[in-house]
>>> print(open('entry_34.cif').read())   # mmCIF, N, CA and C atoms
data_work
#
loop_
_atom_site.label_atom_id
_atom_site.label_comp_id
_atom_site.auth_asym_id
_atom_site.auth_seq_id
_atom_site.Cartn_x
_atom_site.Cartn_y
_atom_site.Cartn_z
N MET X 1 -34.91 -27.60 16.29
CA MET X 1 -35.88 -26.52 16.43
C MET X 1 -35.15 -25.28 16.94
N ALA X 2 -35.15 -24.25 16.14
CA ALA X 2 -34.54 -22.98 16.52
C ALA X 2 -35.65 -21.98 16.84
N LEU X 3 -35.73 -21.58 18.10
CA LEU X 3 -36.76 -20.63 18.49
C LEU X 3 -36.37 -19.22 18.06
N THR X 4 -37.38 -18.48 17.66
CA THR X 4 -37.19 -17.09 17.30
C THR X 4 -38.32 -16.27 17.93
N GLU X 5 -38.05 -15.02 18.18
CA GLU X 5 -39.03 -14.16 18.86
C GLU X 5 -40.07 -13.65 17.88
N LEU X 6 -41.32 -13.91 18.19
CA LEU X 6 -42.44 -13.38 17.42
C LEU X 6 -42.70 -11.94 17.83
N GLY X 7 -42.58 -11.66 19.13
CA GLY X 7 -42.82 -10.31 19.62
C GLY X 7 -42.84 -10.29 21.13
N ARG X 8 -42.96 -9.08 21.68
CA ARG X 8 -43.05 -8.88 23.13
C ARG X 8 -44.40 -8.25 23.44
N PHE X 9 -45.07 -8.83 24.42
CA PHE X 9 -46.45 -8.45 24.70
C PHE X 9 -46.67 -8.37 26.20
N PRO X 10 -47.73 -7.66 26.64
CA PRO X 10 -48.11 -7.72 28.05
C PRO X 10 -48.36 -9.18 28.43
N ARG X 11 -48.13 -9.50 29.68
CA ARG X 11 -48.15 -10.88 30.17
C ARG X 11 -49.41 -11.66 29.77
N ILE X 12 -50.57 -11.12 30.02
CA ILE X 12 -51.81 -11.84 29.73
C ILE X 12 -52.04 -11.95 28.22
N GLU X 13 -51.72 -10.89 27.49
CA GLU X 13 -51.87 -10.94 26.03
C GLU X 13 -50.95 -12.02 25.43
N ALA X 14 -49.75 -12.14 25.98
CA ALA X 14 -48.82 -13.17 25.49
C ALA X 14 -49.40 -14.56 25.66
N GLN X 15 -50.05 -14.82 26.80
CA GLN X 15 -50.65 -16.12 27.03
C GLN X 15 -51.81 -16.39 26.07
N ILE X 16 -52.57 -15.36 25.76
CA ILE X 16 -53.66 -15.50 24.79
C ILE X 16 -53.09 -15.81 23.41
N ILE X 17 -52.03 -15.12 23.04
CA ILE X 17 -51.40 -15.35 21.73
C ILE X 17 -50.86 -16.77 21.64
N VAL X 18 -50.20 -17.23 22.69
CA VAL X 18 -49.69 -18.61 22.69
C VAL X 18 -50.84 -19.59 22.49
N GLY X 19 -51.93 -19.39 23.18
CA GLY X 19 -53.09 -20.27 23.04
C GLY X 19 -53.66 -20.24 21.64
N ARG X 20 -53.74 -19.07 21.07
CA ARG X 20 -54.28 -18.93 19.70
C ARG X 20 -53.36 -19.63 18.70
N LEU X 21 -52.06 -19.41 18.83
CA LEU X 21 -51.12 -20.06 17.91
C LEU X 21 -51.21 -21.58 18.02
N GLU X 22 -51.24 -22.08 19.24
CA GLU X 22 -51.31 -23.52 19.43
C GLU X 22 -52.62 -24.10 18.90
N SER X 23 -53.71 -23.35 19.01
CA SER X 23 -54.99 -23.82 18.48
C SER X 23 -54.97 -23.89 16.96
N GLU X 24 -54.06 -23.14 16.35
CA GLU X 24 -53.90 -23.15 14.89
C GLU X 24 -52.79 -24.10 14.45
N GLY X 25 -52.23 -24.85 15.40
CA GLY X 25 -51.21 -25.84 15.06
C GLY X 25 -49.79 -25.31 15.03
N VAL X 26 -49.57 -24.11 15.57
CA VAL X 26 -48.24 -23.52 15.62
C VAL X 26 -47.75 -23.58 17.07
N PRO X 27 -46.78 -24.45 17.37
CA PRO X 27 -46.26 -24.51 18.73
C PRO X 27 -45.62 -23.16 19.13
N ALA X 28 -45.90 -22.74 20.35
CA ALA X 28 -45.37 -21.46 20.83
C ALA X 28 -45.15 -21.55 22.33
N VAL X 29 -44.28 -20.69 22.82
CA VAL X 29 -44.00 -20.65 24.25
C VAL X 29 -43.78 -19.19 24.66
N ALA X 30 -44.19 -18.87 25.88
CA ALA X 30 -43.99 -17.52 26.43
C ALA X 30 -42.79 -17.55 27.37
N PHE X 31 -41.82 -16.68 27.13
CA PHE X 31 -40.64 -16.54 27.99
C PHE X 31 -40.79 -15.30 28.85
N ASP X 32 -40.22 -15.33 30.03
CA ASP X 32 -40.13 -14.19 30.95
C ASP X 32 -41.44 -13.88 31.67
N GLY X 33 -42.42 -14.76 31.58
CA GLY X 33 -43.71 -14.50 32.20
C GLY X 33 -43.67 -14.40 33.71
N GLU X 34 -42.70 -15.04 34.31
CA GLU X 34 -42.58 -15.02 35.77
C GLU X 34 -41.46 -14.09 36.25
N ALA X 35 -40.88 -13.35 35.35
CA ALA X 35 -39.79 -12.45 35.72
C ALA X 35 -40.27 -11.38 36.70
N SER X 36 -39.55 -11.20 37.75
CA SER X 36 -39.79 -10.18 38.77
C SER X 36 -41.15 -10.26 39.43
N ILE X 37 -41.74 -11.45 39.44
CA ILE X 37 -43.05 -11.58 40.08
C ILE X 37 -42.94 -11.36 41.59
N GLY X 38 -41.75 -11.66 42.14
CA GLY X 38 -41.56 -11.52 43.58
C GLY X 38 -41.57 -10.08 44.06
N ASP X 39 -41.09 -9.15 43.22
CA ASP X 39 -41.05 -7.76 43.67
C ASP X 39 -42.23 -6.94 43.16
N GLY X 40 -43.17 -7.58 42.50
CA GLY X 40 -44.38 -6.89 42.09
C GLY X 40 -44.30 -6.13 40.78
N SER X 41 -43.19 -6.23 40.07
CA SER X 41 -43.07 -5.48 38.81
C SER X 41 -43.36 -6.34 37.59
N TRP X 42 -43.97 -7.51 37.78
CA TRP X 42 -44.19 -8.42 36.66
C TRP X 42 -45.12 -7.85 35.59
N LEU X 43 -45.97 -6.93 35.93
CA LEU X 43 -46.84 -6.32 34.92
C LEU X 43 -46.09 -5.36 34.01
N LEU X 44 -44.91 -4.93 34.43
CA LEU X 44 -44.14 -3.97 33.66
C LEU X 44 -43.17 -4.61 32.68
N ILE X 45 -42.94 -5.91 32.82
CA ILE X 45 -41.95 -6.59 32.00
C ILE X 45 -42.66 -7.30 30.85
N PRO X 46 -42.34 -6.95 29.60
CA PRO X 46 -42.99 -7.63 28.48
C PRO X 46 -42.56 -9.09 28.39
N VAL X 47 -43.46 -9.91 27.90
CA VAL X 47 -43.22 -11.34 27.77
C VAL X 47 -42.93 -11.63 26.30
N ARG X 48 -41.86 -12.40 26.07
CA ARG X 48 -41.51 -12.77 24.70
C ARG X 48 -42.29 -14.01 24.28
N VAL X 49 -42.94 -13.93 23.13
CA VAL X 49 -43.58 -15.10 22.55
C VAL X 49 -42.61 -15.64 21.50
N MET X 50 -42.26 -16.93 21.69
CA MET X 50 -41.27 -17.58 20.84
C MET X 50 -41.93 -18.69 20.03
N VAL X 51 -41.52 -18.79 18.77
CA VAL X 51 -41.98 -19.86 17.88
C VAL X 51 -40.79 -20.42 17.14
N ASP X 52 -40.97 -21.57 16.53
CA ASP X 52 -39.92 -22.13 15.69
C ASP X 52 -39.70 -21.20 14.50
N ALA X 53 -38.45 -21.06 14.11
CA ALA X 53 -38.12 -20.15 13.00
C ALA X 53 -38.91 -20.50 11.74
N ASP X 54 -39.15 -21.79 11.51
CA ASP X 54 -39.90 -22.21 10.33
C ASP X 54 -41.37 -21.81 10.39
N ASP X 55 -41.89 -21.53 11.57
CA ASP X 55 -43.29 -21.17 11.76
C ASP X 55 -43.51 -19.66 11.90
N LEU X 56 -42.45 -18.88 11.81
CA LEU X 56 -42.56 -17.45 12.09
C LEU X 56 -43.55 -16.74 11.17
N ASP X 57 -43.50 -17.00 9.88
CA ASP X 57 -44.41 -16.32 8.95
C ASP X 57 -45.87 -16.69 9.23
N ALA X 58 -46.12 -17.96 9.49
CA ALA X 58 -47.48 -18.40 9.80
C ALA X 58 -47.96 -17.78 11.09
N ALA X 59 -47.08 -17.71 12.09
CA ALA X 59 -47.45 -17.12 13.38
C ALA X 59 -47.77 -15.64 13.22
N ARG X 60 -46.97 -14.92 12.45
CA ARG X 60 -47.24 -13.50 12.21
C ARG X 60 -48.60 -13.32 11.53
N ALA X 61 -48.90 -14.16 10.56
CA ALA X 61 -50.19 -14.05 9.86
C ALA X 61 -51.35 -14.28 10.82
N ILE X 62 -51.20 -15.24 11.72
CA ILE X 62 -52.27 -15.53 12.69
C ILE X 62 -52.47 -14.34 13.63
N VAL X 63 -51.37 -13.80 14.15
CA VAL X 63 -51.46 -12.65 15.06
C VAL X 63 -52.02 -11.43 14.34
N ASP X 64 -51.57 -11.20 13.10
CA ASP X 64 -52.05 -10.04 12.35
C ASP X 64 -53.54 -10.16 12.02
N SER X 65 -54.02 -11.37 11.79
CA SER X 65 -55.43 -11.55 11.44
C SER X 65 -56.34 -11.26 12.64
N ALA X 66 -55.79 -11.37 13.84
CA ALA X 66 -56.58 -11.12 15.04
C ALA X 66 -56.63 -9.65 15.41
N ALA X 67 -55.76 -8.86 14.83
CA ALA X 67 -55.69 -7.44 15.20
C ALA X 67 -56.74 -6.60 14.57
#
>>> encode(input="entry_34.cif", output="structure tokens")
Amino acid sequence: MALTELGRFPRIEAQIIVGRLESEGVPAVAFDGEASIGDGSWLLIPVRVMVDADDLDAARAIVDSAA
């Protein structure tokens, strides 16, 4: 499984996207969600949503359909 970046999103939006992808059968994970939480700048750091490279097109279609 080779992970690839689907995109970078605000922290809460990234978690929603991960949930939506997983509900559609596309495994996904959010990276960097806890970055800099100690110094209070966690809202400023975008979170990377990662999916398997083989699922990238399907994941993009799911995210685009929600927009």
>>> select_by_dssp(input="entry_34.cif", residues="chain X", states="strand (DSSP E or B)", output="PyMOL selection string")
chain X and resi 3-9+28-31+47-52
>>> resolve_selection(input="entry_34.cif", expression="the PyMOL selection byres ((chain X and resi 7) around 7)", output="PyMOL selection string")
chain X and resi 4-6+8-9+47-50
>>> select_by_dssp(input="entry_34.cif", residues="chain X", states="alpha helix (DSSP H)", output="PyMOL selection string")
chain X and resi 11-23+56-66
>>> closest_residue(input="entry_34.cif", among="X:Asp57, X:Asp52, X:Asp32, X:Glu22", to="X:Ala2", atoms="only C-alpha atoms")
X:Asp52
>>> atom_distance(input="entry_34.cif", atom1="atom N of X:Leu44", atom2="atom C of X:Asp64")
24.6 Å
>>> atom_distance(input="entry_34.cif", atom1="atom C of X:Asp54", atom2="atom C of X:Glu13")
20.3 Å
>>> closest_residue(input="entry_34.cif", among="X:Met1, X:Ala66, X:Val29, X:Ala53", to="X:Gln15", atoms="only N, CA and C atoms")
X:Val29
>>> atom_distance(input="entry_34.cif", atom1="atom CA of X:Leu3", atom2="atom CA of X:Val51")
5.3 Å
>>> closest_residue(input="entry_34.cif", among="X:Val18, X:Gly33, X:Ala67, X:Pro27", to="X:Asp55", atoms="all atoms listed in the file")
X:Pro27
>>> closest_residue(input="entry_34.cif", among="X:Ser65, X:Ile45, X:Ala59, X:Ala14", to="X:Ala30", atoms="only C-alpha atoms")
X:Ala14
